[in-house]
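Scroll down for the structure; my scribbles are underneath it.
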Amino acid sequence: MPDLNPSRRFAQSIIDGFLVVGLLALAFLLGCFLQKDADIWWHLKTGQMILERGELPEKDWFTFTSTDRDWIDLHWLFQITAAKLYSLGGMELLTAISASLGALAVAVMLAARRAGWSLPVAVACWFPAVFLLAG
């Protein structure tokens with residue numbers, strides 16, 4: 001039988017809110033780390049060159065042994081976006097955007113849980129994933 005006590009429901013919603021905000025803040029903060037992936041510089045340079053040339057690469061611009069082979073750059077949209085963001089705010093902005101997108105993904109997945117499932121249990125289940133995904 002559900003508890004109809006309004007003060008208890010209010011207290012539970014406050015606790016649920018703190019749990020969600022805490023998890024999302026943790027996901028954001030754990031997403032703020034120094035860039036360790038050296039590929040980001042390749043992506044940034046390619047994005048910059050796409051913007052400068054106004055065309056997508058059809059041949060590999062950086063590998064001298066395969067300059068004549070056809071090549072499809074699957075990451076072109078990311079590269080353009082990253083290059084523009086980098087030109088606006090450097091690695092700090094890229095890191096903040098990346099951490100924000102990670103926290104947003106956790107929020108969307110948390111909101112997608114089945115109606116009636118316990119929010120504290122869902123938050124507890126996300127903690128290991130957030131720590132594993134953090135840099």
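Order determines the names: the first chain of the structure tokens is A, the second B, and so forth; residues in each chain are numbered 1 upward, and ligands are numbered 1 upward as they are shown.
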Pull the closest atom pair for each residue of region 26-88 of chain A that gets at most 12 Å from region 118-128 of chain A, along with the distance in Å to one decimal, counting only C-alpha atoms, ordering rows by chain and then ascending residue number, as CSV.
```
residue,atom,partner,partner_atom,distance
A:Leu26,CA,A:Phe127,CA,8.9
A:Ala27,CA,A:Phe127,CA,8.8
A:Leu30,CA,A:Phe127,CA,11.3
```
Once DSSP has gone over the backbone, tell me which residues of region 27-112 of chain A are in helix (DSSP H, G or I), as an mmCIF file with N, CA and C atoms, in the first residue's frame.
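After the write, states_34.cif holds the following:
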```cif
data_model
loop_
_atom_site.group_PDB
_atom_site.id
_atom_site.type_symbol
_atom_site.label_atom_id
_atom_site.label_comp_id
_atom_site.auth_asym_id
_atom_site.auth_seq_id
_atom_site.Cartn_x
_atom_site.Cartn_y
_atom_site.Cartn_z
ATOM 1 N N ALA A 27 29.605 12.608 -12.467
ATOM 2 C CA ALA A 27 29.891 12.247 -13.863
ATOM 3 C C ALA A 27 30.603 13.388 -14.576
ATOM 4 N N PHE A 28 30.166 14.628 -14.335
ATOM 5 C CA PHE A 28 30.823 15.778 -14.960
ATOM 6 C C PHE A 28 32.252 15.924 -14.449
ATOM 7 N N LEU A 29 32.435 15.890 -13.143
ATOM 8 C CA LEU A 29 33.768 16.098 -12.566
ATOM 9 C C LEU A 29 34.739 14.998 -12.964
ATOM 10 N N LEU A 30 34.265 13.761 -13.031
ATOM 11 C CA LEU A 30 35.145 12.677 -13.460
ATOM 12 C C LEU A 30 35.449 12.757 -14.958
ATOM 13 N N ASP A 39 45.265 11.040 -30.326
ATOM 14 C CA ASP A 39 44.515 11.201 -31.572
ATOM 15 C C ASP A 39 43.773 12.532 -31.643
ATOM 16 N N ILE A 40 43.523 13.165 -30.516
ATOM 17 C CA ILE A 40 42.761 14.413 -30.539
ATOM 18 C C ILE A 40 43.472 15.457 -31.381
ATOM 19 N N TRP A 41 44.790 15.459 -31.359
ATOM 20 C CA TRP A 41 45.543 16.453 -32.134
ATOM 21 C C TRP A 41 45.398 16.200 -33.625
ATOM 22 N N TRP A 42 45.352 14.937 -34.012
ATOM 23 C CA TRP A 42 45.112 14.587 -35.412
ATOM 24 C C TRP A 42 43.713 15.047 -35.819
ATOM 25 N N HIS A 43 42.719 14.792 -34.962
ATOM 26 C CA HIS A 43 41.354 15.218 -35.263
ATOM 27 C C HIS A 43 41.256 16.739 -35.355
ATOM 28 N N LEU A 44 41.930 17.444 -34.440
ATOM 29 C CA LEU A 44 41.882 18.911 -34.470
ATOM 30 C C LEU A 44 42.518 19.462 -35.740
ATOM 31 N N LYS A 45 43.659 18.934 -36.133
ATOM 32 C CA LYS A 45 44.335 19.410 -37.342
ATOM 33 C C LYS A 45 43.510 19.098 -38.581
ATOM 34 N N THR A 46 42.927 17.911 -38.623
ATOM 35 C CA THR A 46 42.093 17.562 -39.781
ATOM 36 C C THR A 46 40.880 18.479 -39.853
ATOM 37 N N GLY A 47 40.238 18.736 -38.719
ATOM 38 C CA GLY A 47 39.100 19.650 -38.701
ATOM 39 C C GLY A 47 39.482 21.040 -39.154
ATOM 40 N N GLN A 48 40.653 21.505 -38.709
ATOM 41 C CA GLN A 48 41.142 22.819 -39.125
ATOM 42 C C GLN A 48 41.381 22.852 -40.637
ATOM 43 N N MET A 49 41.964 21.786 -41.170
ATOM 44 C CA MET A 49 42.228 21.743 -42.609
ATOM 45 C C MET A 49 40.935 21.648 -43.420
ATOM 46 N N ILE A 50 39.948 20.932 -42.918
ATOM 47 C CA ILE A 50 38.652 20.860 -43.607
ATOM 48 C C ILE A 50 38.038 22.251 -43.678
ATOM 49 N N LEU A 51 38.112 22.976 -42.562
ATOM 50 C CA LEU A 51 37.553 24.330 -42.541
ATOM 51 C C LEU A 51 38.328 25.262 -43.469
ATOM 52 N N GLU A 52 39.650 25.148 -43.494
ATOM 53 C CA GLU A 52 40.470 26.010 -44.345
ATOM 54 C C GLU A 52 40.251 25.715 -45.829
ATOM 55 N N ARG A 53 40.206 24.432 -46.168
ATOM 56 C CA ARG A 53 40.094 24.038 -47.575
ATOM 57 C C ARG A 53 38.653 24.042 -48.080
ATOM 58 N N PHE A 64 52.079 9.670 -46.029
ATOM 59 C CA PHE A 64 52.767 9.848 -47.306
ATOM 60 C C PHE A 64 52.798 8.569 -48.129
ATOM 61 N N THR A 65 52.589 7.407 -47.508
ATOM 62 C CA THR A 65 52.645 6.149 -48.262
ATOM 63 C C THR A 65 51.335 5.825 -48.948
ATOM 64 N N SER A 66 50.276 6.560 -48.623
ATOM 65 C CA SER A 66 48.989 6.241 -49.250
ATOM 66 C C SER A 66 48.272 7.500 -49.736
ATOM 67 N N TRP A 76 34.563 13.340 -39.824
ATOM 68 C CA TRP A 76 34.666 14.719 -40.289
ATOM 69 C C TRP A 76 33.796 15.683 -39.496
ATOM 70 N N LEU A 77 32.598 15.296 -39.116
ATOM 71 C CA LEU A 77 31.726 16.213 -38.378
ATOM 72 C C LEU A 77 32.280 16.482 -36.983
ATOM 73 N N PHE A 78 32.752 15.427 -36.324
ATOM 74 C CA PHE A 78 33.401 15.610 -35.026
ATOM 75 C C PHE A 78 34.628 16.501 -35.161
ATOM 76 N N GLN A 79 35.427 16.288 -36.191
ATOM 77 C CA GLN A 79 36.653 17.045 -36.376
ATOM 78 C C GLN A 79 36.376 18.527 -36.601
ATOM 79 N N ILE A 80 35.374 18.829 -37.383
ATOM 80 C CA ILE A 80 35.011 20.229 -37.615
ATOM 81 C C ILE A 80 34.528 20.867 -36.324
ATOM 82 N N THR A 81 33.645 20.161 -35.609
ATOM 83 C CA THR A 81 33.117 20.680 -34.346
ATOM 84 C C THR A 81 34.231 20.882 -33.333
ATOM 85 N N ALA A 82 35.100 19.910 -33.200
ATOM 86 C CA ALA A 82 36.205 20.001 -32.237
ATOM 87 C C ALA A 82 37.147 21.144 -32.603
ATOM 88 N N ALA A 83 37.444 21.304 -33.885
ATOM 89 C CA ALA A 83 38.341 22.380 -34.306
ATOM 90 C C ALA A 83 37.733 23.745 -34.010
ATOM 91 N N LYS A 84 36.427 23.892 -34.256
ATOM 92 C CA LYS A 84 35.773 25.175 -33.957
ATOM 93 C C LYS A 84 35.761 25.449 -32.455
ATOM 94 N N LEU A 85 35.429 24.440 -31.661
ATOM 95 C CA LEU A 85 35.421 24.613 -30.208
ATOM 96 C C LEU A 85 36.822 24.922 -29.685
ATOM 97 N N TYR A 86 37.816 24.236 -30.236
ATOM 98 C CA TYR A 86 39.195 24.469 -29.808
ATOM 99 C C TYR A 86 39.631 25.895 -30.131
ATOM 100 N N SER A 87 39.206 26.390 -31.282
ATOM 101 C CA SER A 87 39.577 27.765 -31.647
ATOM 102 C C SER A 87 38.888 28.782 -30.738
ATOM 103 N N LEU A 88 37.736 28.418 -30.180
ATOM 104 C CA LEU A 88 37.015 29.322 -29.282
ATOM 105 C C LEU A 88 37.548 29.301 -27.852
ATOM 106 N N GLY A 89 37.910 28.112 -27.346
ATOM 107 C CA GLY A 89 38.282 28.038 -25.936
ATOM 108 C C GLY A 89 39.380 27.067 -25.594
ATOM 109 N N GLY A 90 40.045 26.546 -26.583
ATOM 110 C CA GLY A 90 41.162 25.654 -26.317
ATOM 111 C C GLY A 90 40.732 24.313 -25.728
ATOM 112 N N MET A 91 41.701 23.614 -25.160
ATOM 113 C CA MET A 91 41.455 22.297 -24.604
ATOM 114 C C MET A 91 40.516 22.357 -23.411
ATOM 115 N N GLU A 92 40.498 23.492 -22.710
ATOM 116 C CA GLU A 92 39.605 23.631 -21.557
ATOM 117 C C GLU A 92 38.145 23.544 -21.994
ATOM 118 N N LEU A 93 37.791 24.221 -23.081
ATOM 119 C CA LEU A 93 36.420 24.176 -23.577
ATOM 120 C C LEU A 93 36.075 22.783 -24.092
ATOM 121 N N LEU A 94 36.993 22.160 -24.816
ATOM 122 C CA LEU A 94 36.748 20.798 -25.298
ATOM 123 C C LEU A 94 36.499 19.837 -24.138
ATOM 124 N N THR A 95 37.280 19.980 -23.069
ATOM 125 C CA THR A 95 37.115 19.123 -21.897
ATOM 126 C C THR A 95 35.769 19.378 -21.224
ATOM 127 N N ALA A 96 35.399 20.641 -21.077
ATOM 128 C CA ALA A 96 34.120 20.976 -20.437
ATOM 129 C C ALA A 96 32.939 20.465 -21.258
ATOM 130 N N ILE A 97 33.014 20.600 -22.569
ATOM 131 C CA ILE A 97 31.936 20.112 -23.442
ATOM 132 C C ILE A 97 31.852 18.589 -23.369
ATOM 133 N N SER A 98 33.000 17.934 -23.397
ATOM 134 C CA SER A 98 33.028 16.476 -23.321
ATOM 135 C C SER A 98 32.449 15.980 -21.998
ATOM 136 N N ALA A 99 32.829 16.614 -20.899
ATOM 137 C CA ALA A 99 32.310 16.230 -19.581
ATOM 138 C C ALA A 99 30.815 16.499 -19.493
ATOM 139 N N SER A 100 30.362 17.592 -20.077
ATOM 140 C CA SER A 100 28.928 17.915 -20.072
ATOM 141 C C SER A 100 28.133 16.893 -20.874
ATOM 142 N N LEU A 101 28.653 16.486 -22.015
ATOM 143 C CA LEU A 101 27.971 15.483 -22.822
ATOM 144 C C LEU A 101 27.922 14.130 -22.104
ATOM 145 N N GLY A 102 28.987 13.800 -21.384
ATOM 146 C CA GLY A 102 28.987 12.564 -20.599
ATOM 147 C C GLY A 102 27.937 12.599 -19.504
ATOM 148 N N ALA A 103 27.850 13.718 -18.789
ATOM 149 C CA ALA A 103 26.841 13.861 -17.736
ATOM 150 C C ALA A 103 25.433 13.842 -18.341
ATOM 151 N N LEU A 104 25.259 14.461 -19.504
ATOM 152 C CA LEU A 104 23.962 14.450 -20.177
ATOM 153 C C LEU A 104 23.560 13.031 -20.563
ATOM 154 N N ALA A 105 24.521 12.245 -21.041
ATOM 155 C CA ALA A 105 24.228 10.857 -21.408
ATOM 156 C C ALA A 105 23.778 10.055 -20.190
ATOM 157 N N VAL A 106 24.436 10.273 -19.055
ATOM 158 C CA VAL A 106 24.022 9.589 -17.829
ATOM 159 C C VAL A 106 22.622 10.033 -17.434
ATOM 160 N N ALA A 107 22.329 11.329 -17.556
ATOM 161 C CA ALA A 107 20.997 11.841 -17.205
ATOM 162 C C ALA A 107 19.919 11.230 -18.097
ATOM 163 N N VAL A 108 20.193 11.129 -19.383
ATOM 164 C CA VAL A 108 19.212 10.547 -20.308
ATOM 165 C C VAL A 108 18.969 9.083 -19.962
ATOM 166 N N MET A 109 20.028 8.350 -19.696
ATOM 167 C CA MET A 109 19.868 6.943 -19.362
ATOM 168 C C MET A 109 19.170 6.759 -18.018
ATOM 169 N N LEU A 110 19.427 7.647 -17.093
ATOM 170 C CA LEU A 110 18.757 7.576 -15.794
ATOM 171 C C LEU A 110 17.269 7.883 -15.952
ATOM 172 N N ALA A 111 16.943 8.833 -16.802
ATOM 173 C CA ALA A 111 15.546 9.183 -17.043
ATOM 174 C C ALA A 111 14.821 8.094 -17.832
#
```
For CA of Gly22 (chain A) and CA of Ala134 (chain A), determine how far apart the two atoms are, in Å to one decimal place.
->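 CA of Ala134 (chain A) lies 15.4 Å from CA of Gly22 (chain A).
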